[in-house]
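Structure file entry.cif with mmCIF, C-alpha atoms:
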data_target
loop_
_atom_site.label_atom_id
_atom_site.label_comp_id
_atom_site.auth_asym_id
_atom_site.auth_seq_id
_atom_site.Cartn_x
_atom_site.Cartn_y
_atom_site.Cartn_z
CA MET Z 1 7.70 13.61 29.80
CA ARG Z 2 5.96 13.76 26.41
CA ALA Z 3 5.65 10.92 23.93
CA HIS Z 4 4.32 10.05 20.49
CA LEU Z 5 2.65 6.87 19.36
CA GLY Z 6 5.35 4.43 18.31
CA ASP Z 7 8.00 5.77 20.68
CA GLN Z 8 9.90 3.36 22.87
CA LEU Z 9 9.56 3.54 26.65
CA VAL Z 10 12.61 2.29 28.53
CA ILE Z 11 12.56 1.70 32.31
CA GLU Z 12 15.82 0.95 34.06
CA GLY Z 13 16.86 0.56 37.67
CA PRO Z 14 15.17 -0.50 40.90
CA ALA Z 15 11.66 0.23 39.64
CA THR Z 16 11.70 -2.84 37.40
CA GLY Z 17 13.49 -5.25 39.71
CA ALA Z 18 15.70 -5.95 36.69
CA THR Z 19 18.33 -4.19 34.64
CA ARG Z 20 15.99 -2.92 31.94
CA ARG Z 21 12.53 -3.26 30.45
CA ASP Z 22 11.34 -1.65 27.24
CA GLY Z 23 8.15 -1.47 25.28
CA GLU Z 24 6.35 0.28 22.45
CA ILE Z 25 3.88 3.10 23.20
CA VAL Z 26 0.69 2.09 21.41
CA GLY Z 27 -1.85 4.37 23.09
CA LEU Z 28 -1.97 7.95 24.42
CA HIS Z 29 -4.57 9.20 26.87
CA HIS Z 30 -3.75 12.92 26.53
CA GLU Z 31 -3.43 14.89 23.31
CA ASP Z 32 -0.21 16.57 24.47
CA GLY Z 33 1.52 13.20 24.85
CA THR Z 34 1.88 13.32 28.62
CA PRO Z 35 1.40 10.17 30.77
CA PRO Z 36 -0.19 7.73 31.18
CA TYR Z 37 0.62 5.57 28.17
CA ASP Z 38 -0.53 2.20 26.87
CA VAL Z 39 2.66 0.20 26.44
CA ARG Z 40 3.19 -3.13 24.70
CA TRP Z 41 6.13 -4.75 26.50
CA SER Z 42 8.70 -6.42 24.25
CA ASP Z 43 9.25 -9.31 26.67
CA THR Z 44 5.60 -10.37 27.11
CA GLN Z 45 3.74 -8.62 24.22
CA GLU Z 46 1.11 -7.58 26.79
CA VAL Z 47 -0.37 -4.07 26.74
CA THR Z 48 -0.54 -2.31 30.10
CA LEU Z 49 -1.32 1.20 31.34
CA VAL Z 50 1.91 2.83 32.55
CA PHE Z 51 2.60 5.98 34.59
CA PRO Z 52 6.37 6.39 33.99
CA GLY Z 53 8.46 7.23 37.01
CA PRO Z 54 11.93 8.71 37.47
CA ASP Z 55 13.59 5.54 36.15
CA ALA Z 56 11.89 5.84 32.75
CA HIS Z 57 12.90 7.64 29.62
CA ILE Z 58 11.49 7.81 26.09
CA LYS Z 59 13.29 7.14 22.86
CA HIS Z 60 11.65 9.20 20.13
CA LEU Z 61 11.68 7.02 17.00
CA GLY Z 62 11.09 8.84 13.75
CA HIS Z 63 10.76 12.28 15.40
CA GLU Z 64 13.00 15.26 15.72
CA PRO Z 65 14.28 15.81 19.27
CA GLU Z 66 12.07 18.04 21.34
CA THR Z 67 13.26 21.61 21.84
CA ASP Z 68 12.70 23.98 24.73
CA THR Z 69 9.75 25.79 23.18
CA GLY Z 70 7.69 25.61 26.34
CA ALA Z 71 5.18 23.12 27.65
CA GLY Z 72 2.30 22.50 25.32
CA ALA Z 73 4.02 24.06 22.29
CA PRO Z 74 2.26 23.17 19.03
CA PRO Z 75 3.89 20.59 16.77
CA PRO Z 76 5.68 21.76 13.63
CA ALA Z 77 3.35 22.83 10.85
CA GLY Z 78 2.89 20.83 7.65
CA PRO Z 79 1.40 17.48 6.69
CA PRO Z 80 2.82 14.29 8.20
CA ASP Z 81 5.38 12.38 6.15
CA PRO Z 82 4.61 8.64 6.29
CA GLY Z 83 7.54 6.27 6.28
CA ASP Z 84 7.96 3.34 3.91
CA ILE Z 85 6.23 0.88 6.23
CA GLY Z 86 3.31 3.26 6.74
CA ARG Z 87 2.84 3.68 2.98
CA ARG Z 88 2.86 -0.08 2.43
CA VAL Z 89 0.39 -0.70 5.26
CA ALA Z 90 -1.98 2.00 3.98
CA THR Z 91 -1.70 0.79 0.38
CA GLU Z 92 -2.35 -2.86 1.28
CA ARG Z 93 -5.26 -1.93 3.56
CA THR Z 94 -6.86 0.19 0.84
CA ARG Z 95 -6.31 -2.49 -1.81
CA ARG Z 96 -8.16 -5.00 0.35
CA GLY Z 97 -11.00 -2.56 1.04
CA LEU Z 98 -10.47 -2.53 4.82
CA SER Z 99 -11.15 0.42 7.09
CA ARG Z 100 -8.64 1.46 9.71
CA GLY Z 101 -11.03 0.34 12.42
CA GLU Z 102 -11.45 -3.15 10.97
CA THR Z 103 -7.72 -3.51 10.34
CA ALA Z 104 -6.91 -2.38 13.88
CA ARG Z 105 -9.43 -4.85 15.28
CA ARG Z 106 -7.89 -7.70 13.29
CA ALA Z 107 -4.38 -6.69 14.37
CA ARG Z 108 -5.44 -6.17 18.01
CA MET Z 109 -4.23 -2.59 18.22
CA ALA Z 110 -5.75 0.84 18.81
CA PRO Z 111 -7.04 2.57 15.64
CA ASP Z 112 -5.11 5.71 16.65
CA TYR Z 113 -1.90 3.70 16.68
CA LEU Z 114 -2.62 2.31 13.20
CA ALA Z 115 -3.32 5.87 12.01
CA TYR Z 116 0.03 6.93 13.45
CA LEU Z 117 1.86 4.09 11.69
CA GLU Z 118 0.28 5.02 8.36
CA GLU Z 119 0.97 8.74 8.66
CA HIS Z 120 4.39 9.03 10.33
CA PRO Z 121 7.85 7.50 10.01
CA ALA Z 122 7.94 4.73 12.62
CA ASP Z 123 9.86 1.66 13.68
CA PRO Z 124 7.16 -0.77 14.89
CA SER Z 125 8.18 -3.89 16.74
CA LEU Z 126 8.35 -7.26 15.03
CA ALA Z 127 5.28 -8.40 16.98
CA THR Z 128 3.32 -5.41 15.65
CA LEU Z 129 4.38 -6.17 12.07
CA ILE Z 130 3.42 -9.84 12.45
CA ARG Z 131 -0.08 -8.90 13.59
CA LEU Z 132 -0.46 -6.32 10.81
CA ALA Z 133 0.74 -8.78 8.16
CA ALA Z 134 -1.77 -11.38 9.39
CA ALA Z 135 -4.58 -8.80 9.42
CA LEU Z 136 -3.77 -7.73 5.85
CA GLY Z 137 -3.10 -11.20 4.46
CA THR Z 138 0.49 -10.40 3.56
CA SER Z 139 3.95 -10.95 5.03
CA VAL Z 140 6.29 -9.01 7.30
CA GLN Z 141 8.84 -9.04 4.49
CA ALA Z 142 6.34 -7.38 2.14
CA LEU Z 143 5.53 -4.65 4.68
CA ARG Z 144 9.23 -3.98 5.15
CA GLY Z 145 9.74 -3.83 1.39
CA SER Z 146 12.16 -6.74 1.09
CA GLY Z 147 12.02 -8.50 -2.25
CA VAL Z 148 11.06 -5.39 -4.25
CA ASP Z 149 13.80 -6.22 -6.76
CA LEU Z 150 12.62 -9.81 -7.20
CA PRO Z 151 9.95 -10.97 -9.66
CA PRO Z 152 6.56 -11.91 -8.19
CA GLY Z 153 5.43 -15.50 -7.90
CA ARG Z 154 8.45 -16.97 -6.10
CA GLY Z 155 6.23 -18.40 -3.35
CA THR Z 156 4.99 -21.97 -3.07
CA ALA Z 157 1.99 -23.02 -5.15
CA LEU Z 158 -1.25 -24.08 -3.48
CA LEU Z 159 -1.59 -27.78 -2.64
CA HIS Z 160 -4.73 -28.07 -4.80
CA PRO Z 161 -4.95 -25.00 -7.07
CA GLU Z 162 -7.82 -24.34 -9.44
CA LEU Z 163 -7.57 -22.13 -12.52
CA ARG Z 164 -10.93 -20.45 -13.12
CA ASP Z 165 -12.03 -18.37 -16.10
CA LEU Z 166 -13.42 -14.89 -15.34
CA GLY Z 167 -16.40 -13.25 -16.99
CA PRO Z 168 -16.27 -9.75 -18.55
CA GLU Z 169 -17.87 -8.04 -15.54
CA GLU Z 170 -15.39 -9.55 -13.10
CA CYS Z 171 -12.57 -8.57 -15.46
CA ARG Z 172 -13.80 -4.97 -15.50
CA ALA Z 173 -13.98 -4.96 -11.70
CA LEU Z 174 -10.37 -6.17 -11.46
CA LEU Z 175 -9.19 -3.53 -13.93
CA SER Z 176 -10.78 -1.03 -11.52
CA THR Z 177 -10.40 2.65 -12.35
CA HIS Z 178 -6.63 2.79 -12.83
CA GLY Z 179 -3.39 0.93 -12.23
CA VAL Z 180 -0.28 -0.38 -14.00
CA GLY Z 181 -0.57 -2.85 -16.86
CA ARG Z 182 1.47 -4.14 -19.80
CA ILE Z 183 0.85 -3.46 -23.45
CA ALA Z 184 2.12 -5.80 -26.19
CA VAL Z 185 2.98 -4.13 -29.49
CA ALA Z 186 4.76 -4.94 -32.74
CA THR Z 187 7.82 -2.77 -33.44
CA PRO Z 188 10.37 -2.74 -36.29
CA GLU Z 189 12.74 -4.60 -33.94
CA GLY Z 190 10.14 -7.24 -33.13
CA PRO Z 191 7.45 -7.83 -30.47
CA ALA Z 192 7.71 -5.73 -27.30
CA VAL Z 193 5.87 -5.65 -23.97
CA VAL Z 194 6.12 -2.50 -21.86
CA PRO Z 195 4.43 -1.36 -18.62
CA VAL Z 196 2.21 1.72 -18.58
CA ASN Z 197 0.01 3.26 -15.90
CA TYR Z 198 -3.53 3.38 -17.22
CA GLU Z 199 -6.96 4.85 -16.61
CA VAL Z 200 -10.34 3.25 -17.33
CA VAL Z 201 -12.70 5.88 -18.75
CA ASP Z 202 -16.07 5.04 -20.33
CA ASP Z 203 -15.09 1.33 -20.64
CA ALA Z 204 -11.94 2.25 -22.56
CA ILE Z 205 -8.36 1.75 -21.34
CA ALA Z 206 -6.29 4.90 -21.79
CA PHE Z 207 -2.66 5.74 -21.11
CA ARG Z 208 -0.28 8.62 -21.80
CA THR Z 209 2.90 8.24 -23.79
CA ALA Z 210 5.25 10.10 -26.15
CA PRO Z 211 4.83 9.97 -29.95
CA ASP Z 212 8.23 8.31 -30.47
CA SER Z 213 7.90 5.76 -27.64
CA VAL Z 214 7.38 2.01 -27.84
CA PRO Z 215 3.78 2.18 -26.52
CA ALA Z 216 2.95 4.64 -29.30
CA ALA Z 217 3.49 1.80 -31.79
CA ALA Z 218 0.13 0.45 -30.63
CA VAL Z 219 -1.75 3.16 -32.50
CA GLY Z 220 -3.63 1.96 -35.56
CA SER Z 221 -3.59 -1.75 -34.80
CA ASP Z 222 -5.15 -4.37 -32.55
CA VAL Z 223 -3.09 -4.77 -29.39
CA ALA Z 224 -3.12 -6.84 -26.21
CA PHE Z 225 -3.20 -5.16 -22.81
CA GLU Z 226 -2.67 -7.23 -19.65
CA VAL Z 227 -3.03 -6.57 -15.93
CA ASP Z 228 -2.27 -9.10 -13.20
CA HIS Z 229 -1.72 -9.48 -9.49
CA VAL Z 230 0.11 -12.16 -7.47
CA ASP Z 231 -0.66 -12.61 -3.76
CA GLU Z 232 2.57 -14.20 -2.51
CA ALA Z 233 1.30 -14.73 1.04
CA MET Z 234 -1.81 -16.65 -0.04
CA SER Z 235 -0.37 -18.27 -3.22
CA ARG Z 236 -3.18 -16.83 -5.31
CA GLY Z 237 -3.37 -14.58 -8.31
CA TRP Z 238 -5.37 -13.29 -11.25
CA SER Z 239 -4.79 -11.85 -14.71
CA VAL Z 240 -6.99 -9.90 -17.13
CA LEU Z 241 -6.34 -9.60 -20.87
CA ALA Z 242 -7.96 -6.91 -23.04
CA VAL Z 243 -7.65 -7.05 -26.83
CA GLY Z 244 -8.81 -4.28 -29.13
CA PRO Z 245 -7.86 -1.46 -31.52
CA ALA Z 246 -5.69 1.39 -30.22
CA ARG Z 247 -6.15 4.98 -31.39
CA VAL Z 248 -4.89 8.43 -30.47
CA ALA Z 249 -7.27 10.75 -28.65
CA THR Z 250 -7.27 13.95 -30.72
CA GLU Z 251 -10.50 15.77 -29.82
CA PRO Z 252 -9.71 18.59 -27.34
CA ASP Z 253 -12.71 17.74 -25.15
CA GLU Z 254 -11.69 14.08 -24.95
CA VAL Z 255 -8.06 14.94 -24.14
CA ARG Z 256 -9.18 17.38 -21.44
CA ARG Z 257 -11.54 14.81 -19.91
CA LEU Z 258 -8.84 12.14 -19.84
CA THR Z 259 -6.33 14.53 -18.28
CA GLU Z 260 -8.78 15.71 -15.63
CA ARG Z 261 -9.67 12.14 -14.64
CA ALA Z 262 -6.08 10.88 -14.50
CA HIS Z 263 -5.16 9.59 -11.05
CA THR Z 264 -1.42 10.14 -11.51
CA ALA Z 265 1.17 11.48 -13.89
CA PRO Z 266 3.05 8.87 -15.95
CA TRP Z 267 5.43 7.00 -13.64
CA ALA Z 268 8.13 7.04 -16.32
CA GLY Z 269 8.19 10.85 -16.23
CA GLY Z 270 9.13 13.09 -19.11
CA GLU Z 271 6.89 14.72 -21.71
CA ARG Z 272 4.14 12.16 -22.26
CA GLU Z 273 1.09 14.10 -23.41
CA MET Z 274 -0.24 11.77 -26.14
CA TRP Z 275 -3.29 9.86 -24.95
CA VAL Z 276 -3.80 6.39 -26.45
CA SER Z 277 -7.17 4.71 -26.01
CA ILE Z 278 -7.94 1.00 -26.31
CA ARG Z 279 -11.58 -0.06 -26.52
CA PRO Z 280 -11.59 -3.82 -25.83
CA THR Z 281 -13.38 -6.11 -28.28
CA ARG Z 282 -12.38 -9.12 -26.16
CA LEU Z 283 -11.99 -9.12 -22.37
CA THR Z 284 -10.94 -12.35 -20.66
CA GLY Z 285 -9.29 -13.33 -17.41
CA ARG Z 286 -8.28 -16.16 -15.12
CA ARG Z 287 -7.91 -16.53 -11.37
CA ILE Z 288 -5.99 -19.09 -9.29
CA THR Z 289 -7.82 -20.17 -6.11
CA PRO Z 290 -7.88 -23.23 -3.84
CA ALA Z 291 -9.89 -26.03 -5.42
CA GLY Z 292 -13.52 -25.97 -4.37
CA GLU Z 293 -13.50 -22.34 -3.18
#

Since I need it in another form, could you write the structure as structure tokens?
Amino acid sequence: MRAHLGDQLVIEGPATGATRRDGEIVGLHHEDGTPPYDVRWSDTQEVTLVFPGPDAHIKHLGHEPETDTGAGAPPPAGPPDPGDIGRRVATERTRRGLSRGETARRARMAPDYLAYLEEHPADPSLATLIRLAAALGTSVQALRGSGVDLPPGRGTALLHPELRDLGPEECRALLSTHGVGRIAVATPEGPAVVPVNYEVVDDAIAFRTAPDSVPAAAVGSDVAFEVDHVDEAMSRGWSVLAVGPARVATEPDEVRRLTERAHTAPWAGGEREMWVSIRPTRLTGRRITPAGE
């Protein structure tokens, strides 16, 4: 009997003294996935060491069924394919600057199990998601991806919020090295605000677009560029506003440097090879926190 982290162990019959008992495998003691296993029981949420007997069987969640390739056969080649929950957990953990070890400690789980959740399709139990959400300061709904088609900020406001102005250095830190922001431009049809994924290079904000696109209308004028974040679970948030002239990067060396340092291709896709650079002349921001923090 071989298992993977995240599989479900089901024991039925006389061995349990009941009709059925199931749990989530959260720890392996052998690399080949043979017993014993650390199992978190769904009825008690306790983790115990289990040597499955003849009344036990494993439900492989997120894995292809095992084939008769012989005991100890190597797993299929290729990198693991994380599921949606794993991607959200890894992204939120990285955004908060937490290591896997620290996150696992906060969520009271084995680091290997957290690594498995982040790297493979899995169906963790509700109790596991609750602990992970608490460790990451978010919600189970956010980890499951519910609400992705709803605007942010639908949560309840803090009882005593405080709106605090941010200095330029804190604004630069929040802009970080890259992300998604919004640029406000004047077009023949009127004002427009569009999202772009940006890079911060040499204190300038740069993004790629197409010559005939709405963001390209920023070139040759002062524009406003805004980045924000809303923490629904904690009812907090921040925003940073950069104002400055926008120009096209035309020097081959500058274009090559921007392209080499880009963290991602434009999310909107298509041919977007024109780099626009904004060097802020004014950088301001605000943050919402509990009063007195």

| message | Ranking Z:Arg88, Z:His29, Z:Arg108, Z:Arg236 by minimum distance to Pro121 of chain Z and counting all atoms listed in the file, which one comes first? | response |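 Nearest to Pro121 of chain Z: Z:Arg88.
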
| request: Would you write out, as a ChimeraX atom specification, every residue that the PyMOL selection byres ((chain Z and resi 117) around 9) captures in this file? | output: /Z:5-6,82-83,85-87,89-90,112-116,118-124

| request: Counting only C-alpha atoms, figure out which residue out of Z:Asp55, Z:Arg100, Z:Ala233, Z:Phe225 gets nearest to Arg154 of chain Z. | output: Z:Ala233

| Residue nearest Leu136 of chain Z among Z:Thr91, Z:Thr209, Z:Thr177, Z:Thr156 (counting all atoms listed in the file) | Z:Thr91

| message | Since I can't run it myself right now, could you work out what the PyMOL selection byres ((chain Z and resi 11) around 7) selects here and report it as a list in words? | response | Leu9, Val10, Glu12, Gly13, Thr16, Arg20, Arg21, Asp22, Asp55, Ala56 and His57 of chain Z

| Please, which residues are within 8 Å of (-8.1, -18.0, -14.7) by the file's coordinates, counting only C-alpha atoms, and could they come as number ranges by chain? | Z: 163-166, 238-239, 285-288

| message | Could you tell me, as a list of chain:residue names, exactly which residues end up selected when the PyMOL selection byres ((chain Z and resi 144) around 8) is applied to this structure? | response |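 With the PyMOL selection byres ((chain Z and resi 144) around 8) on this model, the match is Z:Asp84, Z:Ile85, Z:Arg88, Z:Val140, Z:Gln141, Z:Ala142, Z:Leu143, Z:Gly145, Z:Ser146.
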
| task | Mind checking which residues fall within 9 Å of segment 212-218 of chain Z, counting all atoms listed in the file, ignoring those fewer than 6 positions away in the same chain, and posting them as a PyMOL selection string? | result | chain Z and resi 183-187+192-196+245-248+274+276

Can I get the selection written as a PDB file, in the frame of the given file, with C-alpha atoms?
ATOM      1  CA  ILE Z 183       0.850  -3.460 -23.450  1.00  0.00           C
ATOM      2  CA  ALA Z 184       2.120  -5.800 -26.190  1.00  0.00           C
ATOM      3  CA  VAL Z 185       2.980  -4.130 -29.490  1.00  0.00           C
ATOM      4  CA  ALA Z 186       4.760  -4.940 -32.740  1.00  0.00           C
ATOM      5  CA  THR Z 187       7.820  -2.770 -33.440  1.00  0.00           C
ATOM      6  CA  ALA Z 192       7.710  -5.730 -27.300  1.00  0.00           C
ATOM      7  CA  VAL Z 193       5.870  -5.650 -23.970  1.00  0.00           C
ATOM      8  CA  VAL Z 194       6.120  -2.500 -21.860  1.00  0.00           C
ATOM      9  CA  PRO Z 195       4.430  -1.360 -18.620  1.00  0.00           C
ATOM     10  CA  VAL Z 196       2.210   1.720 -18.580  1.00  0.00           C
ATOM     11  CA  PRO Z 245      -7.860  -1.460 -31.520  1.00  0.00           C
ATOM     12  CA  ALA Z 246      -5.690   1.390 -30.220  1.00  0.00           C
ATOM     13  CA  ARG Z 247      -6.150   4.980 -31.390  1.00  0.00           C
ATOM     14  CA  VAL Z 248      -4.890   8.430 -30.470  1.00  0.00           C
ATOM     15  CA  MET Z 274      -0.240  11.770 -26.140  1.00  0.00           C
ATOM     16  CA  VAL Z 276      -3.800   6.390 -26.450  1.00  0.00           C
TER      17      VAL Z 276
END

| request: To one decimal in Å, tell me the separation between atom CA of Pro191 of chain Z and atom CA of Gly147 of chain Z. | output: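 Distance reported for this atom pair: 28.6 Å.
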
| task | Rank Z:Ala210, Z:Leu150, Z:Ile58, Z:Met109 by their smallest atom-to-atom distance to Gly270 of chain Z, using only C-alpha atoms, and report the top residue only. | result |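 When distances to Gly270 of chain Z are compared using only C-alpha atoms, the smallest one comes from Z:Ala210.
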
| task | One decimal, Å: what's the distance from atom CA of Gly181 of chain Z over to atom CA of Pro252 of chain Z, could you say? | result |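 Computing the Euclidean distance for atom CA of Gly181 of chain Z and atom CA of Pro252 of chain Z yields 25.6 Å.
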
| query | Could you name the residues that touch Leu175 of chain Z at 8 Å or less, counting all atoms listed in the file, but leaving out those on the same chain fewer than 2 positions away, as JSON, numbers by chain? | reply | {"Z": [171, 172, 173, 177, 178, 179, 200, 227, 240]}

| said: Please compute the atom CA of Gly23 of chain Z-atom CA of Leu132 of chain Z distance, one decimal, in Å. | reply: 17.5 Å
